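Novice: First, the structure itself, so that you have it in front of you.
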Amino acid sequence: MRGGLLAVLAALLFGVSTPLIQRLGAGLGAFTTAALLYAGAAGAGALLRQPATREARLRRSDLGRLVRVALAGALVGPVALAWGLQRTSGTSASLMLTLEAVFTAALAWRLYGETLDRRVAAAMALLVGGGVALVLDQRASGAVGVWGLLAVLVATAAWGLDNAWSRPLAERDPGQVVLAKAAMGATCAGLVAVLSGEPLPGGAQAAGLLAVGATGYGLSLRLYLLAQRHFGAARTGSVFALAPFFGAAAAWALGERGAGPLWWAGAALMLAGVLLHLLERHAHTHEHPAMDHEHAHTHDDGHHLHRHTPMPVGPHSHWHHHDLMRHTHPHVPDAHHRHAHGG
């Protein structure tokens with residue numbers, strides 16, 4: 001429940017940001033918009049960092065993964081989204097972002113062996129069907145809308161890679177991860193914006209995009225990483241698929257209208273896919289091998305049985321040992337449940 005709630009909050013912040021970016025980024029280049037968004041996210045990450053006794057620090061060995069995450073999630077993703085939002089409706093673009101869950105779940109299965117049963121496969125099929133319906137709806141209104149949606153599709157693929165590559169970083173201090181990723185993304189996008197001669201934003205426009213970046217990208221990413229820690233990459237991605245519906249609702253509240261029958265069909269398919277995925281329950285007898293690692297943890301989850309003198313209250317971080325354990329309970333693919341499954 002904690003992982004699901006964190007994912008919903010992350011989805012809310014990110015979803016509402018989509019129609020706001022469409023309005024605040026009007027007249028700006030895609031790279032300038034991305035640079036401002038992630039500059040705001042970097043500021044949020046700096047403020048959200050935790051002490052080493054509370055969260056595990058980033059390591060030098062994380063640098064390569066951070067670079068890949070920054071390129072995919074903080075450069076390609078927001079640039080493609082900013083470009084696409086200028087060429088399609090904010091409501092349809094918001095719903096198209098639901099397909100991020102498909103890419104995330106597929107990559108989590110391929111890279112980390114997270115189990116995907118028939119229920120999850122059916123949910124993914126519904127999400128894909130909803131995306132197809134949205135493309136057909138935009139095609140009926142002109143080719144420009146289609147190109148915009150395809151750009152948003154590229155953004156979802158980039159963020160799917162970002163989500164999958166970020167999974168091992170979820171055990172580190174999420175504030176540090178947000179700061180490092182956002183700073184790299186803002187720097188790269190800013191350099192490209194300057195070199196390509198994109199127009200400069202006005203003061204109010206820049207302030208608005210920085211604020212949206214701090215909440216919709218910085219704080220949202222921190223919550224997303226915490227959700228991955230408790231919930232696994234695939235399931236966090238699926239709950240995060242609610243973000244487009246929050247975005248579509250925000251676009252509607254801001255006055256955007258004109259959805260056709262195919263749009264409503266796509267929305268219904270995507271909502272059904274999200275709800276079906278959330279109903280999944282996974283439980284079986286499984287074994288935890290003996291291991292040593294470091295991450296934030298508590299002593300009330302049935303897995304962290306080591307002792308302290310005195311016992312700490314609340315979450316804390318340090319290197320600790322796990323003995324071999326075999327038991328049965330409902331679980332998700334978090335840091336302690338990455339075991340293989342039979343066919």
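Letters A, B, ... mark the chains of the structure tokens in the order given; residue numbers begin at 1 per chain; ligand numbers begin at 1, in order shown.
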Just want the 10 Å neighbourhood of Ser92 (chain A), counted on only C-alpha atoms, with same-chain residues fewer than 5 positions away dropped. Output as a PyMOL selection string.
Specialist: chain A and resi 85+97+131+134-135+137-138+145+148-149+152+244-245+247-248+251+259+263+266-267
Novice: Write the residues you've just listed into a file as a CSV table (one decimal), in the first residue's frame, and include all heavy atoms for each of them.
Specialist:
```
chain,number,residue,atom,x,y,z
A,85,LEU,N,4.1,18.3,-27.5
A,85,LEU,CA,3.0,19.1,-26.9
A,85,LEU,C,2.7,20.3,-27.7
A,85,LEU,O,1.6,20.9,-27.6
A,85,LEU,CB,3.4,19.5,-25.5
A,85,LEU,CG,3.3,18.4,-24.4
A,85,LEU,CD1,3.8,18.9,-23.1
A,85,LEU,CD2,1.8,18.0,-24.2
A,97,LEU,N,0.8,9.2,-22.6
A,97,LEU,CA,1.9,8.9,-21.7
A,97,LEU,C,1.7,7.7,-20.9
A,97,LEU,O,2.6,7.2,-20.2
A,97,LEU,CB,2.1,10.1,-20.8
A,97,LEU,CG,2.8,11.4,-21.4
A,97,LEU,CD1,2.7,12.5,-20.4
A,97,LEU,CD2,4.2,11.1,-21.8
A,131,GLY,N,-3.6,3.4,-26.7
A,131,GLY,CA,-2.7,4.3,-27.4
A,131,GLY,C,-3.0,4.3,-28.9
A,131,GLY,O,-3.0,5.4,-29.5
A,134,LEU,N,-6.0,6.6,-29.6
A,134,LEU,CA,-5.7,8.0,-29.5
A,134,LEU,C,-5.0,8.5,-30.8
A,134,LEU,O,-5.3,9.5,-31.3
A,134,LEU,CB,-4.7,8.3,-28.3
A,134,LEU,CG,-5.3,8.2,-26.9
A,134,LEU,CD1,-4.3,8.5,-25.9
A,134,LEU,CD2,-6.5,9.1,-26.8
A,135,VAL,N,-4.1,7.6,-31.3
A,135,VAL,CA,-3.4,8.0,-32.6
A,135,VAL,C,-4.5,8.1,-33.7
A,135,VAL,O,-4.4,9.0,-34.5
A,135,VAL,CB,-2.3,6.9,-33.0
A,135,VAL,CG1,-1.8,7.2,-34.4
A,135,VAL,CG2,-1.2,7.0,-32.0
A,137,ASP,N,-7.6,8.8,-33.4
A,137,ASP,CA,-8.4,10.0,-33.1
A,137,ASP,C,-7.7,11.3,-33.6
A,137,ASP,O,-8.3,12.1,-34.2
A,137,ASP,CB,-8.7,10.1,-31.6
A,137,ASP,CG,-9.5,11.4,-31.3
A,137,ASP,OD1,-10.7,11.4,-31.5
A,137,ASP,OD2,-8.8,12.3,-30.7
A,138,GLN,N,-6.4,11.3,-33.4
A,138,GLN,CA,-5.6,12.5,-33.8
A,138,GLN,C,-5.5,12.5,-35.4
A,138,GLN,O,-5.5,13.6,-36.0
A,138,GLN,CB,-4.2,12.5,-33.2
A,138,GLN,CG,-4.3,12.9,-31.7
A,138,GLN,CD,-4.6,14.4,-31.6
A,138,GLN,OE1,-3.9,15.3,-31.9
A,138,GLN,NE2,-5.9,14.6,-31.1
A,145,GLY,N,-1.3,16.4,-35.6
A,145,GLY,CA,-1.6,15.8,-34.3
A,145,GLY,C,-0.9,14.4,-34.2
A,145,GLY,O,-0.5,14.1,-33.1
A,148,GLY,N,2.7,14.9,-33.4
A,148,GLY,CA,2.9,15.3,-32.0
A,148,GLY,C,2.7,14.1,-31.1
A,148,GLY,O,3.5,13.9,-30.1
A,149,LEU,N,1.8,13.2,-31.4
A,149,LEU,CA,1.6,12.0,-30.5
A,149,LEU,C,2.8,11.0,-30.7
A,149,LEU,O,3.2,10.4,-29.7
A,149,LEU,CB,0.3,11.3,-30.9
A,149,LEU,CG,-1.0,11.8,-30.3
A,149,LEU,CD1,-2.2,11.0,-30.7
A,149,LEU,CD2,-0.9,11.9,-28.8
A,152,VAL,N,5.4,12.2,-28.5
A,152,VAL,CA,5.1,11.8,-27.1
A,152,VAL,C,5.4,10.4,-26.9
A,152,VAL,O,5.9,10.0,-25.8
A,152,VAL,CB,3.7,12.2,-26.7
A,152,VAL,CG1,3.3,11.7,-25.3
A,152,VAL,CG2,3.4,13.7,-26.9
A,244,PRO,N,-1.3,10.2,-16.7
A,244,PRO,CA,-2.0,10.8,-17.9
A,244,PRO,C,-3.5,11.2,-17.6
A,244,PRO,O,-4.0,12.2,-18.1
A,244,PRO,CB,-2.0,9.7,-19.0
A,244,PRO,CG,-0.7,9.0,-18.6
A,244,PRO,CD,-0.7,8.9,-17.1
A,245,PHE,N,-4.1,10.4,-16.7
A,245,PHE,CA,-5.5,10.8,-16.4
A,245,PHE,C,-5.6,12.0,-15.6
A,245,PHE,O,-6.5,12.8,-15.7
A,245,PHE,CB,-6.2,9.6,-15.8
A,245,PHE,CG,-6.3,8.4,-16.7
A,245,PHE,CD1,-5.4,7.4,-16.6
A,245,PHE,CD2,-7.3,8.3,-17.6
A,245,PHE,CE1,-5.5,6.3,-17.5
A,245,PHE,CE2,-7.4,7.2,-18.5
A,245,PHE,CZ,-6.5,6.2,-18.4
A,247,GLY,N,-3.4,14.3,-15.8
A,247,GLY,CA,-3.1,15.4,-16.8
A,247,GLY,C,-4.3,15.7,-17.7
A,247,GLY,O,-4.5,16.9,-18.0
A,248,ALA,N,-5.0,14.7,-18.1
A,248,ALA,CA,-6.2,14.9,-19.0
A,248,ALA,C,-7.2,15.7,-18.2
A,248,ALA,O,-7.9,16.6,-18.7
A,248,ALA,CB,-6.7,13.6,-19.5
A,251,ALA,N,-6.0,19.3,-18.1
A,251,ALA,CA,-6.2,19.9,-19.4
A,251,ALA,C,-7.7,20.3,-19.6
A,251,ALA,O,-8.1,21.4,-20.1
A,251,ALA,CB,-5.8,19.0,-20.5
A,259,ALA,N,-12.9,16.2,-27.5
A,259,ALA,CA,-12.6,14.8,-27.6
A,259,ALA,C,-13.7,14.1,-28.4
A,259,ALA,O,-14.9,14.2,-28.2
A,259,ALA,CB,-12.5,14.2,-26.2
A,263,TRP,N,-11.3,9.0,-28.9
A,263,TRP,CA,-10.6,9.5,-27.7
A,263,TRP,C,-11.2,8.9,-26.5
A,263,TRP,O,-10.4,8.4,-25.6
A,263,TRP,CB,-10.7,11.0,-27.6
A,263,TRP,CG,-9.9,11.6,-26.5
A,263,TRP,CD1,-8.6,12.1,-26.6
A,263,TRP,CD2,-10.3,11.8,-25.1
A,263,TRP,NE1,-8.2,12.6,-25.4
A,263,TRP,CE2,-9.2,12.4,-24.5
A,263,TRP,CE3,-11.4,11.5,-24.4
A,263,TRP,CZ2,-9.2,12.7,-23.1
A,263,TRP,CZ3,-11.5,11.8,-23.1
A,263,TRP,CH2,-10.4,12.4,-22.4
A,266,GLY,N,-10.2,5.2,-26.3
A,266,GLY,CA,-8.8,5.1,-25.8
A,266,GLY,C,-8.7,5.3,-24.3
A,266,GLY,O,-8.0,4.6,-23.7
A,267,ALA,N,-9.4,6.3,-23.8
A,267,ALA,CA,-9.3,6.6,-22.4
A,267,ALA,C,-9.9,5.4,-21.6
A,267,ALA,O,-9.3,5.1,-20.6
A,267,ALA,CB,-10.1,7.9,-22.1
```
Novice: To test your reading of the structure, identify every residue in region 179-290 of chain A that backbone DSSP assigns to helix (DSSP H, G or I), and report it as an MDAnalysis selection string.
Specialist: chainID A and resid 179:195 203:231 233:240 243:253 261:278
Novice: Check the smallest atom-to-atom distance from each of A:Val178, A:Ala250, A:Leu127, A:Leu150 to Ser220 (chain A) using only C-alpha atoms, then report the winner.
Specialist: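 Checking each of A:Val178, A:Ala250, A:Leu127, A:Leu150 against Ser220 (chain A), counting only C-alpha atoms, the winner is A:Val178.
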Novice: So which one's closest to Ala151 (chain A), A:Leu242, A:Ala34, A:Leu58, A:Ala80? Using only C-alpha atoms, please.
Specialist: A:Ala80
Novice: Please report the interatomic distance between CA of Met184 (chain A) and CA of Thr156 (chain A) in Å with one decimal.
Specialist: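 Straight-line distance from CA of Met184 (chain A) to CA of Thr156 (chain A) works out to 19.6 Å.
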